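*Asks:* I'm passing along input29.cif; it holds mmCIF, C-alpha atoms.
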data_final
loop_
_atom_site.group_PDB
_atom_site.id
_atom_site.type_symbol
_atom_site.label_atom_id
_atom_site.label_comp_id
_atom_site.auth_asym_id
_atom_site.auth_seq_id
_atom_site.Cartn_x
_atom_site.Cartn_y
_atom_site.Cartn_z
ATOM 1 C CA MET A 1 131.301 -62.512 -86.024
ATOM 2 C CA ASN A 2 130.038 -61.704 -89.515
ATOM 3 C CA VAL A 3 132.759 -61.240 -92.144
ATOM 4 C CA GLN A 4 132.296 -60.566 -95.859
ATOM 5 C CA LEU A 5 134.930 -62.709 -97.617
ATOM 6 C CA THR A 6 134.032 -62.067 -101.258
ATOM 7 C CA ALA A 7 131.171 -60.442 -103.117
ATOM 8 C CA ASN A 8 129.237 -63.708 -102.904
ATOM 9 C CA TYR A 9 130.434 -65.356 -99.679
ATOM 10 C CA ALA A 10 130.462 -64.427 -96.014
ATOM 11 C CA LEU A 11 131.695 -66.194 -92.911
ATOM 12 C CA ARG A 12 129.910 -65.905 -89.613
ATOM 13 C CA SER A 13 129.789 -67.698 -86.319
ATOM 14 C CA ASP A 14 126.957 -68.400 -83.921
ATOM 15 C CA GLY A 15 129.367 -69.172 -81.090
ATOM 16 C CA THR A 16 129.347 -72.929 -81.690
ATOM 17 C CA GLN A 17 130.368 -73.208 -85.360
ATOM 18 C CA PHE A 18 131.575 -71.349 -88.446
ATOM 19 C CA ILE A 19 128.870 -70.808 -91.056
ATOM 20 C CA VAL A 20 129.558 -70.031 -94.714
ATOM 21 C CA SER A 21 126.780 -68.018 -96.359
ATOM 22 C CA GLN A 22 126.302 -67.497 -100.093
ATOM 23 C CA ARG A 23 124.626 -64.484 -101.695
ATOM 24 C CA LYS A 24 121.764 -65.253 -104.064
ATOM 25 C CA ILE A 25 119.873 -62.797 -106.227
ATOM 26 C CA VAL A 26 116.154 -63.562 -106.331
ATOM 27 C CA ASP A 27 114.057 -62.519 -109.323
ATOM 28 C CA PRO A 28 110.386 -62.818 -108.304
ATOM 29 C CA SER A 29 109.316 -62.751 -111.955
ATOM 30 C CA LYS A 30 111.032 -66.135 -112.499
ATOM 31 C CA ALA A 31 108.983 -67.864 -109.795
ATOM 32 C CA PRO A 32 106.583 -70.590 -110.903
ATOM 33 C CA GLY A 33 103.102 -69.222 -111.088
ATOM 34 C CA TYR A 34 104.206 -65.574 -111.367
ATOM 35 C CA LYS A 35 101.799 -63.525 -113.421
ATOM 36 C CA ALA A 36 102.709 -60.001 -114.381
ATOM 37 C CA VAL A 37 100.070 -57.395 -113.629
ATOM 38 C CA GLU A 38 99.441 -55.216 -116.637
ATOM 39 C CA GLY A 39 100.678 -51.682 -116.093
ATOM 40 C CA ALA A 40 102.448 -52.566 -112.849
ATOM 41 C CA PRO A 41 106.220 -52.227 -112.610
ATOM 42 C CA ALA A 42 108.258 -55.410 -112.679
ATOM 43 C CA PRO A 43 109.109 -56.711 -109.203
ATOM 44 C CA GLU A 44 112.521 -55.715 -107.919
ATOM 45 C CA LEU A 45 115.370 -58.166 -107.616
ATOM 46 C CA ARG A 46 116.330 -58.857 -104.036
ATOM 47 C CA GLU A 47 119.369 -60.224 -102.298
ATOM 48 C CA ARG A 48 119.261 -63.252 -100.025
ATOM 49 C CA TRP A 49 122.040 -64.926 -98.024
ATOM 50 C CA ASP A 50 121.733 -68.712 -97.674
ATOM 51 C CA ASP A 51 123.799 -70.824 -95.278
ATOM 52 C CA VAL A 52 125.646 -73.359 -97.434
ATOM 53 C CA ALA A 53 128.173 -74.984 -95.071
ATOM 54 C CA TYR A 54 128.928 -75.478 -91.376
ATOM 55 C CA TYR A 55 132.334 -76.109 -89.798
ATOM 56 C CA PRO A 56 133.618 -76.686 -86.254
ATOM 57 C CA LEU A 57 134.618 -73.612 -84.281
ATOM 58 C CA ASN A 58 138.351 -74.326 -84.194
ATOM 59 C CA ALA A 59 141.467 -73.603 -86.263
ATOM 60 C CA VAL A 60 140.910 -76.570 -88.574
ATOM 61 C CA GLY A 61 137.265 -75.574 -89.090
ATOM 62 C CA LEU A 62 138.316 -72.032 -90.018
ATOM 63 C CA HIS A 63 140.936 -73.320 -92.453
ATOM 64 C CA VAL A 64 138.454 -75.665 -94.136
ATOM 65 C CA ALA A 65 135.758 -72.958 -94.280
ATOM 66 C CA LEU A 66 138.131 -70.534 -96.015
ATOM 67 C CA ASP A 67 139.313 -73.257 -98.384
ATOM 68 C CA SER A 68 135.691 -74.105 -99.150
ATOM 69 C CA VAL A 69 134.949 -70.491 -100.105
ATOM 70 C CA ARG A 70 138.078 -70.407 -102.256
ATOM 71 C CA VAL A 71 137.086 -73.522 -104.205
ATOM 72 C CA ARG A 72 133.388 -72.567 -104.484
ATOM 73 C CA SER A 73 134.366 -69.147 -105.861
ATOM 74 C CA ALA A 74 136.759 -70.714 -108.354
ATOM 75 C CA VAL A 75 134.187 -73.235 -109.553
ATOM 76 C CA ALA A 76 131.631 -70.458 -110.087
ATOM 77 C CA ALA A 77 134.176 -68.282 -111.911
ATOM 78 C CA ALA A 78 135.508 -71.116 -114.073
ATOM 79 C CA ASP A 79 132.237 -72.241 -115.634
ATOM 80 C CA SER A 80 133.781 -71.817 -119.105
ATOM 81 C CA ALA A 81 137.118 -73.476 -118.263
ATOM 82 C CA GLU A 82 137.797 -76.381 -120.592
ATOM 83 C CA THR A 83 141.122 -77.607 -119.251
ATOM 84 C CA LEU A 84 142.595 -78.302 -115.862
ATOM 85 C CA ALA A 85 145.182 -75.585 -116.490
ATOM 86 C CA GLU A 86 142.407 -73.006 -117.035
ATOM 87 C CA PHE A 87 140.661 -74.097 -113.838
ATOM 88 C CA MET A 88 143.921 -73.946 -111.872
ATOM 89 C CA ALA A 89 144.526 -70.392 -113.158
ATOM 90 C CA VAL A 90 141.072 -69.349 -111.929
ATOM 91 C CA LEU A 91 141.666 -71.113 -108.595
ATOM 92 C CA SER A 92 144.961 -69.267 -108.208
ATOM 93 C CA THR A 93 143.265 -65.923 -108.910
ATOM 94 C CA GLU A 94 140.451 -66.631 -106.433
ATOM 95 C CA THR A 95 143.010 -67.666 -103.809
ATOM 96 C CA ALA A 96 144.964 -64.436 -104.244
ATOM 97 C CA GLU A 97 141.792 -62.336 -103.981
ATOM 98 C CA LEU A 98 140.631 -64.126 -100.819
ATOM 99 C CA VAL A 99 144.041 -63.850 -99.160
ATOM 100 C CA SER A 100 144.217 -60.140 -100.070
ATOM 101 C CA ALA A 101 140.754 -59.507 -98.604
ATOM 102 C CA ILE A 102 141.624 -61.301 -95.378
ATOM 103 C CA ASN A 103 144.995 -59.584 -95.026
ATOM 104 C CA ALA A 104 143.512 -56.143 -95.759
ATOM 105 C CA ALA A 105 141.028 -56.549 -92.922
ATOM 106 C CA GLY A 106 143.584 -57.847 -90.430
ATOM 107 C CA SER A 107 146.128 -56.072 -88.317
ATOM 108 C CA LEU A 108 149.582 -55.302 -89.688
ATOM 109 C CA ASP A 109 151.170 -58.262 -87.923
ATOM 110 C CA PHE A 110 148.678 -60.845 -89.231
ATOM 111 C CA THR A 111 148.877 -62.581 -92.618
ATOM 112 C CA VAL A 112 147.154 -65.577 -94.146
ATOM 113 C CA LYS A 113 148.893 -68.204 -96.250
ATOM 114 C CA LEU A 114 146.451 -70.846 -97.468
ATOM 115 C CA GLY A 115 147.986 -74.239 -97.954
ATOM 116 C CA ALA A 116 151.113 -73.346 -95.983
#
What do you get writing this file as structure tokens?
*Replies:*
Amino acid sequence: MNVQLTANYALRSDGTQFIVSQRKIVDPSKAPGYKAVEGAPAPELRERWDDVAYYPLNAVGLHVALDSVRVRSAVAAADSAETLAEFMAVLSTETAELVSAINAAGSLDFTVKLGA
């Protein structure tokens, strides 16, 4: 299993656990010790997926993995939130987007209700 949950998070399984992966953009020119070569084009940005969390391969593990992605996405999106109300609004938006993505990929008789 390898499922893209959001633009920056994916959920996969190795048969023994659920693994949450996060997308990172790597800019080689920001690496310590990087020296630009005169006349050479700048190095290209590249995408990397890092494993950031592991959960048991059961219903509770799946629920916690999805909730983890929801909260991580909200925290990343709410970096300018100054009040709890602003953060909760971002969390609500991220929750709706994640539920929509999961429901869109599922069959017609399958829906997800986080926190239900």
*Asks:* Take atom CA of A:Arg48 and atom CA of A:Ala96 and report the distance between them in Å, one decimal.
*Replies:*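 Interatomic distance, atom CA of A:Arg48 to atom CA of A:Ala96: 26.1 Å.
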*Asks:* Which of these, A:Leu57, A:Ala76, A:Met1, A:Val69, has the shortest distance to A:Thr95 once you count only C-alpha atoms?
*Replies:*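 Checking each candidate against A:Thr95, we get A:Val69 as the closest.
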*Asks:* Please evaluate the PyMOL selection byres ((chain A and resi 3) around 10) against the structure above and give the resulting residues as a list in words.
*Replies:* Met1, Asn2, Gln4, Leu5, Thr6, Tyr9, Ala10, Leu11, Arg12, Ser13, Val20, Ser21, Ile102 and Ala105 of chain A
*Asks:* Would you compute the distance between atom CA of A:Pro32 and atom CA of A:Trp49? Give it in Å to one decimal.
*Replies:* 20.9 Å
*Asks:* Which residues, written as a list of chain:residue names, have at least one atom at most 12 Å from A:Tyr55, with all atoms listed in the file counted and residues fewer than 2 positions away on the same chain left out?
*Replies:* A:Leu11, A:Arg12, A:Ser13, A:Asp14, A:Gly15, A:Thr16, A:Gln17, A:Phe18, A:Ile19, A:Val20, A:Ser21, A:Asp51, A:Val52, A:Ala53, A:Leu57, A:Asn58, A:Ala59, A:Val60, A:Gly61, A:Leu62, A:His63, A:Val64, A:Ala65, A:Leu66, A:Asp67, A:Ser68
*Asks:* Kindly export the residues of the current selection with C-alpha atoms, as a compact mmCIF listing (two decimals), in the coordinates of the input.
*Replies:*
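The resulting file, selection17.txt, is shown below:
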# COMPACT_ATOMS: atom_id res chain seq x y z
CA LEU A 11 131.70 -66.19 -92.91
CA ARG A 12 129.91 -65.90 -89.61
CA SER A 13 129.79 -67.70 -86.32
CA ASP A 14 126.96 -68.40 -83.92
CA GLY A 15 129.37 -69.17 -81.09
CA THR A 16 129.35 -72.93 -81.69
CA GLN A 17 130.37 -73.21 -85.36
CA PHE A 18 131.57 -71.35 -88.45
CA ILE A 19 128.87 -70.81 -91.06
CA VAL A 20 129.56 -70.03 -94.71
CA SER A 21 126.78 -68.02 -96.36
CA ASP A 51 123.80 -70.82 -95.28
CA VAL A 52 125.65 -73.36 -97.43
CA ALA A 53 128.17 -74.98 -95.07
CA LEU A 57 134.62 -73.61 -84.28
CA ASN A 58 138.35 -74.33 -84.19
CA ALA A 59 141.47 -73.60 -86.26
CA VAL A 60 140.91 -76.57 -88.57
CA GLY A 61 137.26 -75.57 -89.09
CA LEU A 62 138.32 -72.03 -90.02
CA HIS A 63 140.94 -73.32 -92.45
CA VAL A 64 138.45 -75.67 -94.14
CA ALA A 65 135.76 -72.96 -94.28
CA LEU A 66 138.13 -70.53 -96.02
CA ASP A 67 139.31 -73.26 -98.38
CA SER A 68 135.69 -74.10 -99.15
*Asks:* Skipping near chain neighbours, those fewer than 4 positions away, what residues fall within 7 Å of A:Leu45 using all atoms listed in the file, listed as a list in words?
*Replies:*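 Returned residues: Ile25, Val26, Asp27 and Pro28 of chain A.
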*Asks:* Could you take the residues named above and write them with C-alpha atoms, as a short mmCIF file (atom, residue, chain, number, x, y, z; two decimals), in the frame of the given file?
*Replies:*
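Below you can see selection-v4.cif, which holds the result:
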data_model
loop_
_atom_site.label_atom_id
_atom_site.label_comp_id
_atom_site.auth_asym_id
_atom_site.auth_seq_id
_atom_site.Cartn_x
_atom_site.Cartn_y
_atom_site.Cartn_z
CA ILE A 25 119.87 -62.80 -106.23
CA VAL A 26 116.15 -63.56 -106.33
CA ASP A 27 114.06 -62.52 -109.32
CA PRO A 28 110.39 -62.82 -108.30
#
*Asks:* Calculate how many Å separate atom CA of A:Leu84 from atom CA of A:Gln22, rounding to one decimal.
*Replies:*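 Interatomic distance here is 25.1 Å.
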*Asks:* As JSON, please report the centre and edge lengths, rounded to one decimal in Å, of the axis-aligned box that holds all listed atoms of stretch 52-57 of chain A with 4 Å of padding on each of the six sides.
*Replies:*
{"center_x": 130.1, "center_y": -75.0, "center_z": -90.9, "size_x": 17.0, "size_y": 11.3, "size_z": 21.2}
*Asks:* Closest to A:Pro41 among A:Thr93, A:Ser29, A:Thr83, A:Asn103, using all atoms listed in the file?
*Replies:* A:Ser29
*Asks:* I need every residue sitting at most 12 Å from the point (139.1, -69.3, -109.2) (coordinates as in the file, all atoms listed in the file considered), written as a PDB file with C-alpha atoms, in the coordinates of the input.
*Replies:*
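Output contents, as saved in part.pdb:
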ATOM      1  CA  THR A   6     134.032 -62.067-101.258  1.00  0.00           C
ATOM      2  CA  ASP A  67     139.313 -73.257 -98.384  1.00  0.00           C
ATOM      3  CA  SER A  68     135.691 -74.105 -99.150  1.00  0.00           C
ATOM      4  CA  VAL A  69     134.949 -70.491-100.105  1.00  0.00           C
ATOM      5  CA  ARG A  70     138.078 -70.407-102.256  1.00  0.00           C
ATOM      6  CA  VAL A  71     137.086 -73.522-104.205  1.00  0.00           C
ATOM      7  CA  ARG A  72     133.388 -72.567-104.484  1.00  0.00           C
ATOM      8  CA  SER A  73     134.366 -69.147-105.861  1.00  0.00           C
ATOM      9  CA  ALA A  74     136.759 -70.714-108.354  1.00  0.00           C
ATOM     10  CA  VAL A  75     134.187 -73.235-109.553  1.00  0.00           C
ATOM     11  CA  ALA A  76     131.631 -70.458-110.087  1.00  0.00           C
ATOM     12  CA  ALA A  77     134.176 -68.282-111.911  1.00  0.00           C
ATOM     13  CA  ALA A  78     135.508 -71.116-114.073  1.00  0.00           C
ATOM     14  CA  ASP A  79     132.237 -72.241-115.634  1.00  0.00           C
ATOM     15  CA  SER A  80     133.781 -71.817-119.105  1.00  0.00           C
ATOM     16  CA  ALA A  81     137.118 -73.476-118.263  1.00  0.00           C
ATOM     17  CA  LEU A  84     142.595 -78.302-115.862  1.00  0.00           C
ATOM     18  CA  ALA A  85     145.182 -75.585-116.490  1.00  0.00           C
ATOM     19  CA  GLU A  86     142.407 -73.006-117.035  1.00  0.00           C
ATOM     20  CA  PHE A  87     140.661 -74.097-113.838  1.00  0.00           C
ATOM     21  CA  MET A  88     143.921 -73.946-111.872  1.00  0.00           C
ATOM     22  CA  ALA A  89     144.526 -70.392-113.158  1.00  0.00           C
ATOM     23  CA  VAL A  90     141.072 -69.349-111.929  1.00  0.00           C
ATOM     24  CA  LEU A  91     141.666 -71.113-108.595  1.00  0.00           C
ATOM     25  CA  SER A  92     144.961 -69.267-108.208  1.00  0.00           C
ATOM     26  CA  THR A  93     143.265 -65.923-108.910  1.00  0.00           C
ATOM     27  CA  GLU A  94     140.451 -66.631-106.433  1.00  0.00           C
ATOM     28  CA  THR A  95     143.010 -67.666-103.809  1.00  0.00           C
ATOM     29  CA  ALA A  96     144.964 -64.436-104.244  1.00  0.00           C
ATOM     30  CA  GLU A  97     141.792 -62.336-103.981  1.00  0.00           C
ATOM     31  CA  LEU A  98     140.631 -64.126-100.819  1.00  0.00           C
TER      32      LEU A  98
END
